[in-house]
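*Asks:* Here you go, this is final-v5.pdb (PDB, C-alpha atoms and all ligand atoms).
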```pdb
ATOM      1  CA  MET A   1       3.922  -5.103  -7.113  1.00  0.00           C
ATOM      2  CA  GLU A   2       5.592  -8.434  -6.686  1.00  0.00           C
ATOM      3  CA  TYR A   3       6.862  -9.102  -3.171  1.00  0.00           C
ATOM      4  CA  THR A   4      10.541  -9.433  -4.107  1.00  0.00           C
ATOM      5  CA  ALA A   5      10.330  -6.188  -6.109  1.00  0.00           C
ATOM      6  CA  VAL A   6       8.839  -4.394  -3.095  1.00  0.00           C
ATOM      7  CA  VAL A   7      11.607  -5.687  -0.830  1.00  0.00           C
ATOM      8  CA  ARG A   8      14.345  -4.756  -3.291  1.00  0.00           C
ATOM      9  CA  ARG A   9      12.878  -1.338  -4.046  1.00  0.00           C
ATOM     10  CA  ARG A  10      12.438  -0.321  -0.414  1.00  0.00           C
ATOM     11  CA  ARG A  11      14.896   2.201   0.859  1.00  0.00           C
ATOM     12  CA  MET A  12      14.717   4.954   3.416  1.00  0.00           C
ATOM     13  CA  ILE A  13      13.694   8.275   1.854  1.00  0.00           C
ATOM     14  CA  ARG A  14      14.463  11.344   3.951  1.00  0.00           C
ATOM     15  CA  ASN A  15      12.884  14.124   1.884  1.00  0.00           C
ATOM     16  CA  TYR A  16       9.239  14.531   0.840  1.00  0.00           C
ATOM     17  CA  ASP A  17       6.970  16.566  -1.377  1.00  0.00           C
ATOM     18  CA  ALA A  18       5.374  18.617   1.400  1.00  0.00           C
ATOM     19  CA  ASP A  19       2.445  19.603  -0.845  1.00  0.00           C
ATOM     20  CA  ARG A  20       1.199  16.038  -1.323  1.00  0.00           C
ATOM     21  CA  THR A  21      -0.679  14.612   1.607  1.00  0.00           C
ATOM     22  CA  VAL A  22      -1.509  10.988   2.306  1.00  0.00           C
ATOM     23  CA  SER A  23      -5.140  10.186   3.080  1.00  0.00           C
ATOM     24  CA  ARG A  24      -6.215   8.529   6.301  1.00  0.00           C
ATOM     25  CA  GLU A  25      -7.661   5.778   4.141  1.00  0.00           C
ATOM     26  CA  THR A  26      -4.173   5.038   2.842  1.00  0.00           C
ATOM     27  CA  ILE A  27      -2.629   5.318   6.305  1.00  0.00           C
ATOM     28  CA  GLU A  28      -5.176   2.866   7.655  1.00  0.00           C
ATOM     29  CA  ARG A  29      -4.593   0.498   4.750  1.00  0.00           C
ATOM     30  CA  LEU A  30      -0.933   0.412   5.758  1.00  0.00           C
ATOM     31  CA  LEU A  31      -1.740  -0.057   9.420  1.00  0.00           C
ATOM     32  CA  GLU A  32      -4.078  -2.925   8.487  1.00  0.00           C
ATOM     33  CA  LEU A  33      -0.905  -4.581   7.196  1.00  0.00           C
ATOM     34  CA  ALA A  34       0.946  -3.739  10.404  1.00  0.00           C
ATOM     35  CA  ILE A  35      -1.570  -5.600  12.545  1.00  0.00           C
ATOM     36  CA  ARG A  36      -0.958  -8.747  10.459  1.00  0.00           C
ATOM     37  CA  ALA A  37       2.562  -8.905  11.906  1.00  0.00           C
ATOM     38  CA  PRO A  38       3.497 -11.886  14.044  1.00  0.00           C
ATOM     39  CA  SER A  39       3.694 -11.326  17.786  1.00  0.00           C
ATOM     40  CA  ALA A  40       4.833 -13.451  20.724  1.00  0.00           C
ATOM     41  CA  GLY A  41       1.817 -15.206  22.227  1.00  0.00           C
ATOM     42  CA  PHE A  42      -0.236 -13.128  19.812  1.00  0.00           C
ATOM     43  CA  SER A  43       0.155 -10.388  22.414  1.00  0.00           C
ATOM     44  CA  GLN A  44      -0.030  -7.619  19.786  1.00  0.00           C
ATOM     45  CA  GLY A  45       1.365  -5.129  22.242  1.00  0.00           C
ATOM     46  CA  TRP A  46       1.809  -2.387  19.720  1.00  0.00           C
ATOM     47  CA  HIS A  47       0.171   0.960  19.134  1.00  0.00           C
ATOM     48  CA  PHE A  48       0.502   3.450  16.294  1.00  0.00           C
ATOM     49  CA  LEU A  49       0.214   7.154  16.969  1.00  0.00           C
ATOM     50  CA  VAL A  50      -0.398   8.969  13.684  1.00  0.00           C
ATOM     51  CA  LEU A  51       0.548  12.621  13.308  1.00  0.00           C
ATOM     52  CA  ASP A  52      -0.970  13.827  10.052  1.00  0.00           C
ATOM     53  CA  THR A  53      -1.829  17.429  10.799  1.00  0.00           C
ATOM     54  CA  THR A  54       0.489  20.426  10.767  1.00  0.00           C
ATOM     55  CA  ASP A  55      -0.098  21.017  14.476  1.00  0.00           C
ATOM     56  CA  THR A  56       0.513  17.475  15.680  1.00  0.00           C
ATOM     57  CA  ARG A  57       3.649  17.117  13.571  1.00  0.00           C
ATOM     58  CA  ALA A  58       4.961  20.483  14.764  1.00  0.00           C
ATOM     59  CA  ALA A  59       4.333  19.424  18.367  1.00  0.00           C
ATOM     60  CA  PHE A  60       6.306  16.210  17.803  1.00  0.00           C
ATOM     61  CA  TRP A  61       9.255  17.972  16.185  1.00  0.00           C
ATOM     62  CA  GLN A  62       9.376  20.542  18.939  1.00  0.00           C
ATOM     63  CA  LEU A  63       9.395  17.831  21.608  1.00  0.00           C
ATOM     64  CA  ALA A  64      11.848  15.565  19.803  1.00  0.00           C
ATOM     65  CA  THR A  65      14.506  18.001  18.607  1.00  0.00           C
ATOM     66  CA  GLU A  66      16.812  20.680  19.951  1.00  0.00           C
ATOM     67  CA  PRO A  67      15.768  24.287  19.314  1.00  0.00           C
ATOM     68  CA  GLY A  68      17.540  26.021  16.439  1.00  0.00           C
ATOM     69  CA  GLU A  69      17.995  25.707  12.706  1.00  0.00           C
ATOM     70  CA  PRO A  70      17.384  22.148  11.496  1.00  0.00           C
ATOM     71  CA  ASP A  71      20.187  20.552   9.502  1.00  0.00           C
ATOM     72  CA  ARG A  72      19.587  19.098   6.040  1.00  0.00           C
ATOM     73  CA  TRP A  73      18.698  15.648   7.407  1.00  0.00           C
ATOM     74  CA  LEU A  74      16.119  17.067   9.811  1.00  0.00           C
ATOM     75  CA  ARG A  75      14.680  19.487   7.256  1.00  0.00           C
ATOM     76  CA  GLY A  76      14.117  16.582   4.922  1.00  0.00           C
ATOM     77  CA  LEU A  77      12.348  14.437   7.485  1.00  0.00           C
ATOM     78  CA  GLN A  78      10.309  17.403   8.649  1.00  0.00           C
ATOM     79  CA  SER A  79       8.833  17.693   5.163  1.00  0.00           C
ATOM     80  CA  ALA A  80       6.974  14.386   5.646  1.00  0.00           C
ATOM     81  CA  PRO A  81       3.203  14.931   5.761  1.00  0.00           C
ATOM     82  CA  VAL A  82       2.683  11.897   7.985  1.00  0.00           C
ATOM     83  CA  LEU A  83       4.559  10.546  10.974  1.00  0.00           C
ATOM     84  CA  ILE A  84       3.613   7.280  12.624  1.00  0.00           C
ATOM     85  CA  LEU A  85       5.050   6.655  16.068  1.00  0.00           C
ATOM     86  CA  ALA A  86       5.464   2.905  16.487  1.00  0.00           C
ATOM     87  CA  LEU A  87       4.984   2.141  20.181  1.00  0.00           C
ATOM     88  CA  SER A  88       5.468  -1.069  22.133  1.00  0.00           C
ATOM     89  CA  ASP A  89       3.798  -2.094  25.358  1.00  0.00           C
ATOM     90  CA  LYS A  90       5.781  -4.508  27.510  1.00  0.00           C
ATOM     91  CA  ALA A  91       2.880  -4.822  29.948  1.00  0.00           C
ATOM     92  CA  ALA A  92       0.747  -6.460  27.257  1.00  0.00           C
ATOM     93  CA  TYR A  93       3.356  -9.251  27.024  1.00  0.00           C
ATOM     94  CA  LEU A  94       3.747  -9.690  30.765  1.00  0.00           C
ATOM     95  CA  ASP A  95      -0.056  -9.858  31.077  1.00  0.00           C
ATOM     96  CA  ARG A  96      -0.438 -12.262  28.168  1.00  0.00           C
ATOM     97  CA  TYR A  97       2.280 -14.611  29.433  1.00  0.00           C
ATOM     98  CA  ALA A  98       0.748 -14.608  32.927  1.00  0.00           C
ATOM     99  CA  GLU A  99      -2.333 -16.291  31.404  1.00  0.00           C
ATOM    100  CA  ALA A 100      -2.973 -19.958  32.149  1.00  0.00           C
ATOM    101  CA  ASP A 101      -1.633 -21.361  28.849  1.00  0.00           C
ATOM    102  CA  LYS A 102       1.727 -19.617  29.346  1.00  0.00           C
ATOM    103  CA  GLY A 103       1.920 -19.613  33.126  1.00  0.00           C
ATOM    104  CA  TRP A 104       4.549 -16.965  33.837  1.00  0.00           C
ATOM    105  CA  THR A 105       2.455 -15.578  36.660  1.00  0.00           C
ATOM    106  CA  ASP A 106       5.521 -14.066  38.351  1.00  0.00           C
ATOM    107  CA  ARG A 107       5.739 -11.605  35.431  1.00  0.00           C
ATOM    108  CA  ASP A 108       9.502 -11.891  35.778  1.00  0.00           C
ATOM    109  CA  GLU A 109      11.308 -10.107  32.978  1.00  0.00           C
ATOM    110  CA  ALA A 110      14.084 -12.703  33.205  1.00  0.00           C
ATOM    111  CA  HIS A 111      11.820 -14.884  31.042  1.00  0.00           C
ATOM    112  CA  TRP A 112      12.513 -12.471  28.226  1.00  0.00           C
ATOM    113  CA  PRO A 113      16.142 -12.601  27.095  1.00  0.00           C
ATOM    114  CA  VAL A 114      15.134 -10.443  24.146  1.00  0.00           C
ATOM    115  CA  PRO A 115      12.452  -7.724  24.250  1.00  0.00           C
ATOM    116  CA  TYR A 116       9.766  -9.283  22.069  1.00  0.00           C
ATOM    117  CA  TRP A 117       7.518  -6.256  22.627  1.00  0.00           C
ATOM    118  CA  ASP A 118       9.988  -4.059  20.736  1.00  0.00           C
ATOM    119  CA  ILE A 119      10.736  -6.747  18.172  1.00  0.00           C
ATOM    120  CA  ASP A 120       7.071  -7.279  17.314  1.00  0.00           C
ATOM    121  CA  THR A 121       6.534  -3.550  16.888  1.00  0.00           C
ATOM    122  CA  GLY A 122       9.583  -3.530  14.616  1.00  0.00           C
ATOM    123  CA  MET A 123       8.102  -6.345  12.544  1.00  0.00           C
ATOM    124  CA  ALA A 124       4.832  -4.451  12.267  1.00  0.00           C
ATOM    125  CA  SER A 125       6.750  -1.339  11.226  1.00  0.00           C
ATOM    126  CA  LEU A 126       8.484  -3.212   8.424  1.00  0.00           C
ATOM    127  CA  LEU A 127       5.093  -4.228   7.047  1.00  0.00           C
ATOM    128  CA  VAL A 128       4.156  -0.534   6.927  1.00  0.00           C
ATOM    129  CA  LEU A 129       7.400   0.299   5.107  1.00  0.00           C
ATOM    130  CA  LEU A 130       6.883  -2.456   2.553  1.00  0.00           C
ATOM    131  CA  GLY A 131       3.229  -1.532   2.138  1.00  0.00           C
ATOM    132  CA  ALA A 132       4.221   2.071   1.515  1.00  0.00           C
ATOM    133  CA  VAL A 133       6.565   1.017  -1.286  1.00  0.00           C
ATOM    134  CA  ASP A 134       3.781  -1.100  -2.766  1.00  0.00           C
ATOM    135  CA  GLU A 135       1.533   2.008  -2.731  1.00  0.00           C
ATOM    136  CA  GLY A 136       4.161   4.119  -4.505  1.00  0.00           C
ATOM    137  CA  LEU A 137       4.897   6.081  -1.330  1.00  0.00           C
ATOM    138  CA  ALA A 138       8.210   7.013   0.243  1.00  0.00           C
ATOM    139  CA  CYS A 139       9.037   6.298   3.853  1.00  0.00           C
ATOM    140  CA  CYS A 140      11.761   6.210   6.469  1.00  0.00           C
ATOM    141  CA  PHE A 141      12.097   4.563   9.880  1.00  0.00           C
ATOM    142  CA  PHE A 142      14.057   6.650  12.344  1.00  0.00           C
ATOM    143  CA  GLY A 143      14.683   6.844  16.049  1.00  0.00           C
ATOM    144  CA  VAL A 144      13.868   9.473  18.649  1.00  0.00           C
ATOM    145  CA  PRO A 145      16.990  10.747  20.473  1.00  0.00           C
ATOM    146  CA  ALA A 146      17.476   9.000  23.835  1.00  0.00           C
ATOM    147  CA  ASP A 147      17.079  12.152  25.896  1.00  0.00           C
ATOM    148  CA  ALA A 148      13.790  13.073  24.166  1.00  0.00           C
ATOM    149  CA  HIS A 149      11.802   9.882  24.809  1.00  0.00           C
ATOM    150  CA  SER A 150      10.197  11.027  28.085  1.00  0.00           C
ATOM    151  CA  THR A 151       9.498  14.495  26.739  1.00  0.00           C
ATOM    152  CA  VAL A 152       7.821  13.120  23.610  1.00  0.00           C
ATOM    153  CA  LYS A 153       5.769  10.626  25.641  1.00  0.00           C
ATOM    154  CA  ASP A 154       4.645  13.281  28.144  1.00  0.00           C
ATOM    155  CA  GLY A 155       3.887  15.781  25.407  1.00  0.00           C
ATOM    156  CA  LEU A 156       1.845  13.405  23.253  1.00  0.00           C
ATOM    157  CA  GLY A 157      -0.047  11.554  25.966  1.00  0.00           C
ATOM    158  CA  ILE A 158       1.845   8.288  25.480  1.00  0.00           C
ATOM    159  CA  PRO A 159       1.814   6.150  28.650  1.00  0.00           C
ATOM    160  CA  ALA A 160       5.240   6.177  30.337  1.00  0.00           C
ATOM    161  CA  ARG A 161       5.413   2.344  30.276  1.00  0.00           C
ATOM    162  CA  MET A 162       5.436   2.287  26.473  1.00  0.00           C
ATOM    163  CA  ASN A 163       8.554   2.413  24.312  1.00  0.00           C
ATOM    164  CA  ILE A 164       8.852   4.562  21.241  1.00  0.00           C
ATOM    165  CA  VAL A 165      10.418   1.916  19.041  1.00  0.00           C
ATOM    166  CA  GLY A 166      10.727   4.317  16.150  1.00  0.00           C
ATOM    167  CA  VAL A 167       8.987   6.773  13.890  1.00  0.00           C
ATOM    168  CA  ILE A 168       7.848   6.085  10.346  1.00  0.00           C
ATOM    169  CA  SER A 169       7.773   9.109   8.072  1.00  0.00           C
ATOM    170  CA  LEU A 170       5.504   8.749   5.097  1.00  0.00           C
ATOM    171  CA  GLY A 171       4.700  10.753   2.004  1.00  0.00           C
ATOM    172  CA  TYR A 172       5.545  11.217  -1.635  1.00  0.00           C
ATOM    173  CA  GLY A 173       9.268  11.236  -2.199  1.00  0.00           C
ATOM    174  CA  ALA A 174      11.316  14.266  -3.238  1.00  0.00           C
ATOM    175  CA  PRO A 175      14.973  14.132  -4.293  1.00  0.00           C
ATOM    176  CA  ASP A 176      17.036  13.176  -1.278  1.00  0.00           C
ATOM    177  CA  HIS A 177      20.613  12.549  -0.323  1.00  0.00           C
ATOM    178  CA  ARG A 178      22.078   9.114  -0.061  1.00  0.00           C
ATOM    179  CA  SER A 179      22.716   8.135   3.527  1.00  0.00           C
ATOM    180  CA  PRO A 180      26.453   8.024   4.313  1.00  0.00           C
ATOM    181  CA  SER A 181      25.744   4.730   6.114  1.00  0.00           C
ATOM    182  CA  LEU A 182      25.197   3.081   2.734  1.00  0.00           C
ATOM    183  CA  ARG A 183      28.918   3.418   2.010  1.00  0.00           C
ATOM    184  CA  ARG A 184      29.337   0.458   4.315  1.00  0.00           C
ATOM    185  CA  GLY A 185      27.888  -1.698   1.551  1.00  0.00           C
ATOM    186  CA  ARG A 186      25.437  -4.516   2.007  1.00  0.00           C
ATOM    187  CA  ARG A 187      26.814  -7.519   3.852  1.00  0.00           C
ATOM    188  CA  GLY A 188      26.499 -10.563   1.636  1.00  0.00           C
ATOM    189  CA  LEU A 189      25.477 -14.062   2.522  1.00  0.00           C
ATOM    190  CA  ASP A 190      29.166 -14.998   2.563  1.00  0.00           C
ATOM    191  CA  GLN A 191      29.443 -12.811   5.684  1.00  0.00           C
ATOM    192  CA  VAL A 192      26.171 -13.504   7.459  1.00  0.00           C
ATOM    193  CA  LEU A 193      25.317 -17.122   6.705  1.00  0.00           C
ATOM    194  CA  SER A 194      26.587 -20.225   8.444  1.00  0.00           C
ATOM    195  CA  TYR A 195      25.306 -23.769   8.403  1.00  0.00           C
ATOM    196  CA  GLY A 196      25.545 -26.075  11.351  1.00  0.00           C
ATOM    197  CA  ARG A 197      27.983 -24.126  13.568  1.00  0.00           C
ATOM    198  CA  MET A 198      29.208 -20.585  13.419  1.00  0.00           C
ATOM    199  CA  ASP A 199      32.796 -21.426  14.338  1.00  0.00           C
ATOM    200  CA  ALA A 200      33.184 -24.200  11.796  1.00  0.00           C
ATOM    201  CA  GLY A 201      35.519 -22.044   9.694  1.00  0.00           C
ATOM    202  CA  GLY A 202      35.191 -21.289   6.007  1.00  0.00           C
ATOM    203  CA  ASN A 203      31.834 -20.556   4.531  1.00  0.00           C
TER     204      ASN A 203
HETATM  205  C1  LIG B   1      16.003   0.371  13.930  1.00  0.00           C
HETATM  206  C2  LIG B   1      16.383   1.395  12.862  1.00  0.00           C
HETATM  207  C3  LIG B   1      16.681   2.678  13.237  1.00  0.00           C
HETATM  208  C4  LIG B   1      17.018   3.625  12.275  1.00  0.00           C
HETATM  209  N1  LIG B   1      17.235   4.908  12.667  1.00  0.00           N
HETATM  210  C5  LIG B   1      17.483   5.836  11.742  1.00  0.00           C
HETATM  211  C6  LIG B   1      17.609   7.198  12.136  1.00  0.00           C
HETATM  212  O1  LIG B   1      17.490   7.551  13.317  1.00  0.00           O
HETATM  213  N2  LIG B   1      17.848   8.102  11.154  1.00  0.00           N
HETATM  214  C7  LIG B   1      17.931   7.742   9.843  1.00  0.00           C
HETATM  215  O2  LIG B   1      18.120   8.625   9.011  1.00  0.00           O
HETATM  216  N3  LIG B   1      17.808   6.465   9.440  1.00  0.00           N
HETATM  217  C8  LIG B   1      17.568   5.508  10.357  1.00  0.00           C
HETATM  218  N4  LIG B   1      17.433   4.205   9.968  1.00  0.00           N
HETATM  219  C9  LIG B   1      17.565   3.843   8.558  1.00  0.00           C
HETATM  220  C10 LIG B   1      18.914   3.157   8.252  1.00  0.00           C
HETATM  221  O3  LIG B   1      19.931   4.123   8.231  1.00  0.00           O
HETATM  222  C11 LIG B   1      18.778   2.465   6.902  1.00  0.00           C
HETATM  223  O4  LIG B   1      17.806   1.456   6.989  1.00  0.00           O
HETATM  224  C12 LIG B   1      20.113   1.836   6.442  1.00  0.00           C
HETATM  225  O5  LIG B   1      21.080   2.825   6.240  1.00  0.00           O
HETATM  226  C13 LIG B   1      19.950   1.050   5.135  1.00  0.00           C
HETATM  227  O6  LIG B   1      19.388   1.877   4.142  1.00  0.00           O
HETATM  228  P1  LIG B   1      18.013   1.474   3.391  1.00  0.00           P
HETATM  229  O7  LIG B   1      17.003   1.160   4.466  1.00  0.00           O
HETATM  230  O8  LIG B   1      17.664   2.701   2.598  1.00  0.00           O
HETATM  231  O9  LIG B   1      18.308   0.272   2.564  1.00  0.00           O
HETATM  232  C14 LIG B   1      17.092   3.255  10.910  1.00  0.00           C
HETATM  233  C15 LIG B   1      16.766   1.947  10.543  1.00  0.00           C
HETATM  234  C16 LIG B   1      16.414   1.028  11.498  1.00  0.00           C
HETATM  235  C17 LIG B   1      16.064  -0.377  11.066  1.00  0.00           C
END
```
Rewrite the structure from the file as C-alpha cells, please.
Ligand SMILES: Cc1cc2nc3c(=O)[nH]c(=O)nc-3n(C[C@H](O)[C@H](O)[C@H](O)COP(=O)(O)O)c2cc1C

*Replies:*
Amino acid sequence: MEYTAVVRRRRMIRNYDADRTVSRETIERLLELAIRAPSAGFSQGWHFLVLDTTDTRAAFWQLATEPGEPDRWLRGLQSAPVLILALSDKAAYLDRYAEADKGWTDRDEAHWPVPYWDIDTGMASLLVLLGAVDEGLACCFFGVPADAHSTVKDGLGIPARMNIVGVISLGYGAPDHRSPSLRRGRRGLDQVLSYGRMDAGGN
C-alpha cells in the first residue's frame, strides 16, 4: 500500500475477530519495522513483550484490570489475539550517553528535558501500527492504568526500571464503536502550524 494511504487509513480498532490469529512470522515482520525507528544516540532502548497465547493474554488482563465484568471497551480489546507491550529502558540511554562520544558520565537526568526513551519506543510503536495497516490487520495503542504498572511489571517479569509506554493490540478487525474522542475533530494545520514565531499572530 502506498505510504500516504497507510497513514490515512490507520485508525485505532478496539474490537477483533477472536477466531483469527496472527502468526509469529507476521508479528516479527512488524517488529522488524519497529527496530528501524530512530532513537537518540541510536540507543534503541526498547523492548517488545509479545503476548500471543490465551494464557499470557489472560495473565496480562488479570494484572492490568479491575476484577469484575468488563465494559464494552475492555471486552473489545480483550478479543485481540495479540498484545505487544512496548517497553522503554531509560538505563540504556543513560549508559549510551555516558560513552566517550557523548560524555554525560554523570548520568544526570537533567540532561534530558524530554524522556527520549519513551519517545523512541513511541516512534517504534507507530511503525508497528502502520505496518499492521499495510498488512491488512487492525490494531490499537492503549495505555495501562497508572496503578497497574508495577503489578503488570512484577507479574510479567518486566524489570522495574522499564516503562510500559503502551500496549499494541493486533488482530483482524471486527465491527467496533467509534471512539467518543473523535468528536473533538482533527486539528487542522490552521491550528497547529506557525512559521517563524508562535506569537506572531494570524496564521
Ligand atoms: C499515547 C496514546 C495513548 C492512547 N491510549 C489509549 C487508551 O488507553 N485507550 C484507547 O482506547 N485509545 C487510546 N489511544 C488511542 C487514541 O484515542 C486515538 O489515537 C485517537 O482518539 C485518534 O483516533 P485514531 O488513532 O483512530 O485516528 C491512545 C493513543 C495514543 C497515541

*Asks:* If we count all atoms listed in the file and set the cut-off at 10 Å, which residues sit around Leu83 in chain A, ignoring sequence neighbours fewer than 6 positions away in its own chain? Please answer as a VMD selection string.

*Replies:* chain A and resid 48 to 53 56 to 57 60 77 139 to 141 167 to 171

*Asks:* Write out as a PyMOL selection string each polymer residue whose atoms come within 8 Å of Val133 in chain A, counting only C-alpha atoms; drop sequence neighbours fewer than 3 positions from it.

*Replies:* chain A and resi 6+9-10+129-130+136-139

*Asks:* Calculate how many Å separate CA of Ala34 in chain A from CA of Val152 in chain A, rounding to one decimal.

*Replies:*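 Atom-to-atom, CA of Ala34 in chain A to CA of Val152 in chain A, that is 22.5 Å.
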
*Asks:* For Ala37 in chain A, please output as a PDB file with C-alpha atoms, keeping the file's coordinate frame all residues within 8 Å (counting only C-alpha atoms; exclusion window: fewer than 4 positions along the same chain).

*Replies:*
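File result_7.pdb, as written:
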```
ATOM      1  CA  LEU A  33      -0.905  -4.581   7.196  1.00  0.00           C
ATOM      2  CA  ASP A 120       7.071  -7.279  17.314  1.00  0.00           C
ATOM      3  CA  MET A 123       8.102  -6.345  12.544  1.00  0.00           C
ATOM      4  CA  ALA A 124       4.832  -4.451  12.267  1.00  0.00           C
ATOM      5  CA  LEU A 127       5.093  -4.228   7.047  1.00  0.00           C
TER       6      LEU A 127
END
```

*Asks:* Around ligand LIG 1 (chain B), at most 9 Å away and counting only C-alpha atoms and all ligand atoms, which residues are there? Put them as a PyMOL selection string, please.

*Replies:* chain A and resi 8-14+73-74+77+122+126+140-145+165-167+178-184+186

*Asks:* Might you pull out every residue within 12 Å of Ala91 in chain A, with only C-alpha atoms counted and same-chain residues fewer than 6 positions away left off, and present them as a list in words?

*Replies:*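 Returned residues: Ser43, Gln44, Gly45, Trp46, Tyr97, Ala98, Arg107, Asp108, Glu109, Pro115, Tyr116, Trp117, Asp118, Pro159, Ala160, Arg161, Met162 and Asn163 of chain A.
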
*Asks:* Will you model N, CA, C and O atoms for range 65-81 of chain A and pass it back as a PDB file, keeping the file's coordinate frame?

*Replies:*
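Wrote out-v9.pdb, looks like this:
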```
ATOM      1  N   THR A  65      13.251  17.442  19.132  1.00  0.00           N
ATOM      2  CA  THR A  65      14.506  18.001  18.607  1.00  0.00           C
ATOM      3  C   THR A  65      14.960  19.205  19.430  1.00  0.00           C
ATOM      4  O   THR A  65      14.170  19.837  20.131  1.00  0.00           O
ATOM      5  N   GLU A  66      16.238  19.497  19.291  1.00  0.00           N
ATOM      6  CA  GLU A  66      16.812  20.680  19.951  1.00  0.00           C
ATOM      7  C   GLU A  66      16.306  21.925  19.239  1.00  0.00           C
ATOM      8  O   GLU A  66      16.092  21.890  18.028  1.00  0.00           O
ATOM      9  N   PRO A  67      16.148  23.038  19.987  1.00  0.00           N
ATOM     10  CA  PRO A  67      15.768  24.287  19.314  1.00  0.00           C
ATOM     11  C   PRO A  67      16.887  24.728  18.363  1.00  0.00           C
ATOM     12  O   PRO A  67      18.037  24.348  18.557  1.00  0.00           O
ATOM     13  N   GLY A  68      16.519  25.511  17.369  1.00  0.00           N
ATOM     14  CA  GLY A  68      17.540  26.021  16.439  1.00  0.00           C
ATOM     15  C   GLY A  68      17.268  25.565  15.024  1.00  0.00           C
ATOM     16  O   GLY A  68      16.310  24.845  14.759  1.00  0.00           O
ATOM     17  N   GLU A  69      18.142  26.013  14.140  1.00  0.00           N
ATOM     18  CA  GLU A  69      17.995  25.707  12.706  1.00  0.00           C
ATOM     19  C   GLU A  69      18.169  24.207  12.450  1.00  0.00           C
ATOM     20  O   GLU A  69      19.190  23.634  12.838  1.00  0.00           O
ATOM     21  N   PRO A  70      17.193  23.572  11.798  1.00  0.00           N
ATOM     22  CA  PRO A  70      17.384  22.148  11.496  1.00  0.00           C
ATOM     23  C   PRO A  70      18.461  21.943  10.433  1.00  0.00           C
ATOM     24  O   PRO A  70      18.622  22.787   9.543  1.00  0.00           O
ATOM     25  N   ASP A  71      19.216  20.870  10.555  1.00  0.00           N
ATOM     26  CA  ASP A  71      20.187  20.552   9.502  1.00  0.00           C
ATOM     27  C   ASP A  71      19.454  19.929   8.313  1.00  0.00           C
ATOM     28  O   ASP A  71      18.229  19.737   8.331  1.00  0.00           O
ATOM     29  N   ARG A  72      20.201  19.585   7.277  1.00  0.00           N
ATOM     30  CA  ARG A  72      19.587  19.098   6.040  1.00  0.00           C
ATOM     31  C   ARG A  72      18.791  17.812   6.277  1.00  0.00           C
ATOM     32  O   ARG A  72      17.710  17.618   5.751  1.00  0.00           O
ATOM     33  N   TRP A  73      19.357  16.926   7.096  1.00  0.00           N
ATOM     34  CA  TRP A  73      18.698  15.648   7.407  1.00  0.00           C
ATOM     35  C   TRP A  73      17.337  15.899   8.062  1.00  0.00           C
ATOM     36  O   TRP A  73      16.322  15.348   7.642  1.00  0.00           O
ATOM     37  N   LEU A  74      17.357  16.799   9.065  1.00  0.00           N
ATOM     38  CA  LEU A  74      16.119  17.067   9.811  1.00  0.00           C
ATOM     39  C   LEU A  74      15.099  17.804   8.944  1.00  0.00           C
ATOM     40  O   LEU A  74      13.909  17.486   8.964  1.00  0.00           O
ATOM     41  N   ARG A  75      15.599  18.759   8.159  1.00  0.00           N
ATOM     42  CA  ARG A  75      14.680  19.487   7.256  1.00  0.00           C
ATOM     43  C   ARG A  75      13.963  18.534   6.326  1.00  0.00           C
ATOM     44  O   ARG A  75      12.771  18.644   6.075  1.00  0.00           O
ATOM     45  N   GLY A  76      14.705  17.576   5.824  1.00  0.00           N
ATOM     46  CA  GLY A  76      14.117  16.582   4.922  1.00  0.00           C
ATOM     47  C   GLY A  76      13.037  15.779   5.616  1.00  0.00           C
ATOM     48  O   GLY A  76      11.900  15.677   5.124  1.00  0.00           O
ATOM     49  N   LEU A  77      13.345  15.248   6.773  1.00  0.00           N
ATOM     50  CA  LEU A  77      12.348  14.437   7.485  1.00  0.00           C
ATOM     51  C   LEU A  77      11.147  15.276   7.892  1.00  0.00           C
ATOM     52  O   LEU A  77      10.003  14.805   7.901  1.00  0.00           O
ATOM     53  N   GLN A  78      11.410  16.543   8.216  1.00  0.00           N
ATOM     54  CA  GLN A  78      10.309  17.403   8.649  1.00  0.00           C
ATOM     55  C   GLN A  78       9.348  17.743   7.513  1.00  0.00           C
ATOM     56  O   GLN A  78       8.268  18.271   7.749  1.00  0.00           O
ATOM     57  N   SER A  79       9.747  17.437   6.283  1.00  0.00           N
ATOM     58  CA  SER A  79       8.833  17.693   5.163  1.00  0.00           C
ATOM     59  C   SER A  79       7.801  16.570   5.001  1.00  0.00           C
ATOM     60  O   SER A  79       6.887  16.684   4.183  1.00  0.00           O
ATOM     61  N   ALA A  80       7.928  15.513   5.783  1.00  0.00           N
ATOM     62  CA  ALA A  80       6.974  14.386   5.646  1.00  0.00           C
ATOM     63  C   ALA A  80       5.590  14.795   6.141  1.00  0.00           C
ATOM     64  O   ALA A  80       5.458  15.318   7.252  1.00  0.00           O
ATOM     65  N   PRO A  81       4.564  14.543   5.336  1.00  0.00           N
ATOM     66  CA  PRO A  81       3.203  14.931   5.761  1.00  0.00           C
ATOM     67  C   PRO A  81       2.602  14.009   6.815  1.00  0.00           C
ATOM     68  O   PRO A  81       1.615  14.358   7.440  1.00  0.00           O
TER      69      PRO A  81
END
```
